[in-house]
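To start, the structure itself, in structure tokens.
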Number of protein chains: 4
Amino acid sequence: MKKIAVLTSGGDAPGMNACIRAIVLTCERLKLKAYGYLHGYNGLLQQHYKKLEAKDMHNLIQRGGTVLHSARCLEFKTPEAAVVAAKNLNELEIDALIVIGGDGSFRGAHHLSQHWQGQVIGLPGTIDNDIYGTDATIGYYTAIETAVSSIDKVRDTADAFERIFLIEVMGRHAGFIALNAALASASDHVIVPELFETTEKALAAMLEELQYRRDNHGSVSYIIVIAENVWPGGLGALVSELEQRTGSEVRPVILGHVQRGGSPVPQDRILASKLGSHAIQAIIDGQTGVMIGECNGEPVAVPLEQTWAQQKPLEPFCVEAMSQLVNATTD
Amino acid sequence: MKKIAVLTSGGDAPGMNACIRAIVLTCERLKLKAYGYLHGYNGLLQQHYKKLEAKDMHNLIQRGGTVLHSARCLEFKTPEAAVVAAKNLNELEIDALIVIGGDGSFRGAHHLSQHWQGQVIGLPGTIDNDIYGTDATIGYYTAIETAVSSIDKVRDTADAFERIFLIEVMGRHAGFIALNAALASASDHVIVPELFETTEKALAAMLEELQYRRDNHGSVSYIIVIAENVWPGGLGALVSELEQRTGSEVRPVILGHVQRGGSPVPQDRILASKLGSHAIQAIIDGQTGVMIGECNGEPVAVPLEQTWAQQKPLEPFCVEAMSQLVNATTD
Amino acid sequence: MKKIAVLTSGGDAPGMNACIRAIVLTCERLKLKAYGYLHGYNGLLQQHYKKLEAKDMHNLIQRGGTVLHSARCLEFKTPEAAVVAAKNLNELEIDALIVIGGDGSFRGAHHLSQHWQGQVIGLPGTIDNDIYGTDATIGYYTAIETAVSSIDKVRDTADAFERIFLIEVMGRHAGFIALNAALASASDHVIVPELFETTEKALAAMLEELQYRRDNHGSVSYIIVIAENVWPGGLGALVSELEQRTGSEVRPVILGHVQRGGSPVPQDRILASKLGSHAIQAIIDGQTGVMIGECNGEPVAVPLEQTWAQQKPLEPFCVEAMSQLVNATTD
Amino acid sequence: MKKIAVLTSGGDAPGMNACIRAIVLTCERLKLKAYGYLHGYNGLLQQHYKKLEAKDMHNLIQRGGTVLHSARCLEFKTPEAAVVAAKNLNELEIDALIVIGGDGSFRGAHHLSQHWQGQVIGLPGTIDNDIYGTDATIGYYTAIETAVSSIDKVRDTADAFERIFLIEVMGRHAGFIALNAALASASDHVIVPELFETTEKALAAMLEELQYRRDNHGSVSYIIVIAENVWPGGLGALVSELEQRTGSEVRPVILGHVQRGGSPVPQDRILASKLGSHAIQAIIDGQTGVMIGECNGEPVAVPLEQTWAQQKPLEPFCVEAMSQLVNATTD
């Protein structure tokens, strides 16, 4: 009988628990044993784990966070750490390890696979959606929902006071959350790294559009969605610049860590369930060194190195819609 | 300058307003005029319409229902009605008509196109997702969300009382909502028309799985999701049958019309925005007699007749996950 | 050191877990031991219990249902049952028993107190708010929220189709949920047992108001909220009657069991926390045979018999507002 | 026939629209005319107003913000401004003015009443609940809900990473939102101005409790809720101090403007409906110079000067519960 271990690593994402549940229930259905390492790679290094049973998976699908806990683990990058991890996995007679996380976690998984003979499978779990080889990542849909419902609320105040609001969303170095949240919240302008050129061009585009909307739409408020890490000098610099150029008050809102938590929306629960369940099938089929993702409604297996080596582009159909509906800082 | 008219027809779906907004804003951006017919095809027959301006689209994306109102319109099926509609459209000098609705609405659009020279474009707006040629329909994601959050609530009571619950969701003659809601809510069993054979097989599968979960998962509750219109004799017949065979109380819940309303979730707002905006592009490109949908992340144009002539299968990857995670009445 | 036991009984209500948590954490803070009986009074009869520790209360406040499970227990009404329960409580050396539930549960608690020397405290846990002696009951606010958000959704469809909707909410034999949900959802008419006289008067009031709103408010939809168990012949009878008299389609929606579940809203979590924590103080103060409730922002202790002997009236200020804003079937 | 005018002033609060609706519908029912001044006192100075009709109130109860817009208006403090306002009100033949807002708005109303003969009524509309003479203010319950659902999300991440989080909520100079949100979210510590003494005492209490919870509850995360404007040196200073003393990472989250918006929860819609409707009754009864509030479930009329002259204490029963369930920086 095969033994499967799973861990969650890097920033937590809503749906990680749904994914763990799918893995454990599928193992149970197929008579495999499932173990969970705690605190990401740290648990692997310290042989800190627990047996995962189907009966513990009840009432878990709807919970944010991860019952296995997560953590960054810088020391895992060393060859010594990978050797320890391999020893621990062998001691527990694990046949395959599933790592749910983002690209840093996948690098760790790839690193481990060079020191361990077992199968290694990655599952894309991050709100940022910045993993090449899968249409969406577990947690992405919930982060959009959290951002959109927050922007919906800010719009009430923006309209009441006829104000300019600047709302920073997460995304690490990618604009997926910002673009989709701006589109879904009917925001007026979006600033994403993929389309960003210079602060001067961005400011000109914002001001021109502000004027256009005031003239043509009778807009009284103006909402700008900005991805984190994109504006040189940070959000404060943009607020000052905008206040100076418009002569109006500009209020910044940083959505922050609320975007990582919360009960996963159905699309994340479904994606997590599909990927978790399919991962077990991939293990039975002998796959290793791959991420299991979903493209065009079908499961795919992508070599781990590809997931970070290639740049994932913003969804083209969203970019097309944005060009008519949300102004962006591009030419 | 082109003139575009839009109407919403058939059952309303969350995201119809977001779609109207995208159409109107894109028209405004491209210097086209936009008109809205009221009450579905009835407005077309009675020349009941209003001019749609960009400034009226503010604060609309997040609202359920449809500001153009909807209605069924049986008389539209006659040739006489189509002739009246054509005359009215010509009188208003409309170049293209966009119909947001389900397959009945598309049949109406196709019928009209045989009596009118203008362009006719369909956009898939229905919670049921039963339109061939598009991966999803506007309103589908919100209906899943409504069903799932309701089932999450019922599970609290089911667990507290250790009871069997039978939850009927919408879907007309398709199992999309039922399958996805069951998967996302960690329900125990799902009954959908696509996989249904006989009541006897379905009952046997339900009872066997109930026993399995009690034995292996320590389950104390048992939640069955059932699509409307699938069980011979209706929900009451199934409740009686189950109570008799299990000796336990079985509580039915019919989610009903709440599934049609509510603020659209981001995925419906985004889909509606993409399709509405692209429809204008399709009109400029000279297309007619087609539905604009989305497949694999890209816009597609599908001849209207195909949308109802072909059967849309349940999402295969969901069916695969279901086979491990949710029991279904199939062999 | 004192030993406290707690059980949840009758229909479950959101906030019961928050109340259990408050009891257990307060016990821990004051160095008392806490035990939980499972499945309501059944656990008491079968000596089915578990020790409750502070560390198990983490992440519990936001969960619907009850981790102690609930159940009806008809046999508890007999003297023999009370004797068994008393024996079991003494065997476990319990000093005080806290019963969270509605009036049936309180009758059980009172019955027990005649056969047991320990302290018995009731806490009002029911969505129906039909307990005399406390302004609100645990679960009431969440039930209103669930009903209102459902009615908000139905209104989208009602407006889109310009239809009459009839929405049945829970409440057992009281109109608290119906009145408050109707007021908060801007419904057009409400039918509650406290104000109900005859079907004829009720129908006349409904039809008159329907006409008034169509004439004066330009209303296109009409939403009637009705408490369960109030209309002679049931909801179907009212639908038929209304369809016949208005000549319009009337759609019924029965909200059902979703109203019992769900994450408790903050007001229920706060009420549950206050009452649970104060119950321990009341026990230390030597109180017994009372329900701990809240009136006018202050904790109160009400003899258990009073809680069911006296009729709790609808909130007068809500009735006043209703008289201007929601039509009701009264003279 | 009487003419009533209404305006919203100061920070917007969810439920202001529900209150406007109640005022307008009650006016319509009682055959009074209703007008709305736009942009707070600015509209009064610029005679910028619109007639408010019952039919425009449809679908408004559930919307955040205010359709009358709001604004600060510093110039209104001058005698000249009040004279202009009085002239404008007389020109429009207004008999009574209703001001929905916080204490700054009430000062403006009182100032106006010294230069105008008409009736002036205040209604408490602010998320901060810092108005003496009413148990709650319109918007308060929704702000608590927004804060609590955000903290619920942060807890997922805090647990996953076993981290200390510091969450700043609004409240101006009062701790109502912080206390209630902390209690309802099962936070570990709360810092409110009413109970704050020195940073040193506060830090000691936080660290002691952190140790206690780790030792006794097995807590892995630690969530501190802090009211805005309370910590000397701001949130950054507290983060640094805590990181230094605990040696752990501390993450700050500023909830910010999302707390002002959003669809009002039922309790705010109900309060707004009761107060708005009763205000018209108070006007008919000849009252002036008072705020209409609610105490112990009954309407009250409180002289405007009292509303800001007296300090409103934190809810005592919440403080009692806090003393067992949430640690606070007090002795």
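By order of appearance in the structure tokens: chains A, B, ..., then residues from 1 within every chain, and ligands from 1 in the order shown.
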
**OP:** Write out as JSON, numbers by chain all residues of range 47-234 of chain B that DSSP puts in helix (DSSP H, G or I) for this structure's backbone.
**Re:** {"B": [54, 55, 56, 57, 74, 75, 76, 77, 79, 80, 81, 82, 83, 84, 85, 86, 87, 88, 89, 90, 91, 103, 104, 105, 106, 107, 108, 109, 110, 111, 112, 113, 140, 141, 142, 143, 144, 145, 146, 147, 148, 149, 150, 151, 152, 153, 154, 155, 156, 157, 158, 159, 160, 161, 176, 177, 178, 179, 180, 181, 182, 183, 184, 193, 194, 195, 199, 200, 201, 202, 203, 204, 205, 206, 207, 208, 209, 210, 211, 212, 213, 214, 215, 216, 234]}

Got a sec: who's within 6 Å of Thr126 in chain C, counting only C-alpha atoms, leaving out chain neighbours fewer than 4 positions off, as a short mmCIF file (atom, residue, chain, number, x, y, z; two decimals) with N, CA, C and O atoms, in the first residue's frame?
data_model
loop_
_atom_site.label_atom_id
_atom_site.label_comp_id
_atom_site.auth_asym_id
_atom_site.auth_seq_id
_atom_site.Cartn_x
_atom_site.Cartn_y
_atom_site.Cartn_z
N ALA C 13 -29.18 26.76 16.95
CA ALA C 13 -29.22 28.17 16.63
C ALA C 13 -27.80 28.70 16.52
O ALA C 13 -26.94 28.32 17.31
N GLY C 102 -34.48 26.46 23.85
CA GLY C 102 -35.71 27.24 23.83
C GLY C 102 -36.65 26.83 24.95
O GLY C 102 -36.22 26.24 25.94
N THR C 137 -32.78 36.39 21.76
CA THR C 137 -32.27 35.05 22.02
C THR C 137 -31.08 34.79 21.09
O THR C 137 -30.98 35.39 20.02
N ILE C 138 -30.21 33.91 21.52
CA ILE C 138 -29.02 33.58 20.71
C ILE C 138 -29.47 32.91 19.41
O ILE C 138 -30.16 31.90 19.44
N GLY C 139 -29.10 33.47 18.29
CA GLY C 139 -29.46 32.93 16.98
C GLY C 139 -30.48 33.78 16.25
O GLY C 139 -30.60 33.69 15.02
#

Given only C-alpha atoms, how would the per-residue table for range 249-304 of chain D near range 163-172 of chain D read, listing every residue at most 12 Å away with its closest atom pair and distance in Å to one decimal, sorted by chain and number, as a Markdown table?
| residue | atom | partner | partner_atom | distance |
| --- | --- | --- | --- | --- |
| D:Glu249 | CA | D:Ile164 | CA | 6.7 |
| D:Val250 | CA | D:Ile164 | CA | 4.9 |
| D:Arg251 | CA | D:Phe165 | CA | 4.8 |
| D:Pro252 | CA | D:Leu166 | CA | 4.7 |
| D:Val253 | CA | D:Ile167 | CA | 4.8 |
| D:Ile254 | CA | D:Glu168 | CA | 4.8 |
| D:Leu255 | CA | D:Val169 | CA | 5.8 |
| D:Gly256 | CA | D:Met170 | CA | 6.9 |
| D:His257 | CA | D:Met170 | CA | 8.5 |
| D:Val258 | CA | D:Met170 | CA | 10.0 |
| D:Gln259 | CA | D:Met170 | CA | 7.4 |
| D:Arg260 | CA | D:Met170 | CA | 8.9 |

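Taking CA of Pro266 in chain B as the reference point, CA of Ala184 in chain A is found at 5.3 Å.
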
**OP:** For Glu28 in chain A, list every protein, DNA or RNA residue within 9 Å, evaluated using only C-alpha atoms, and leave out those in the same chain fewer than 5 positions away; present the list as JSON, numbers by chain.
**Re:** {"A": [23, 33, 34, 53, 54], "B": [216]}
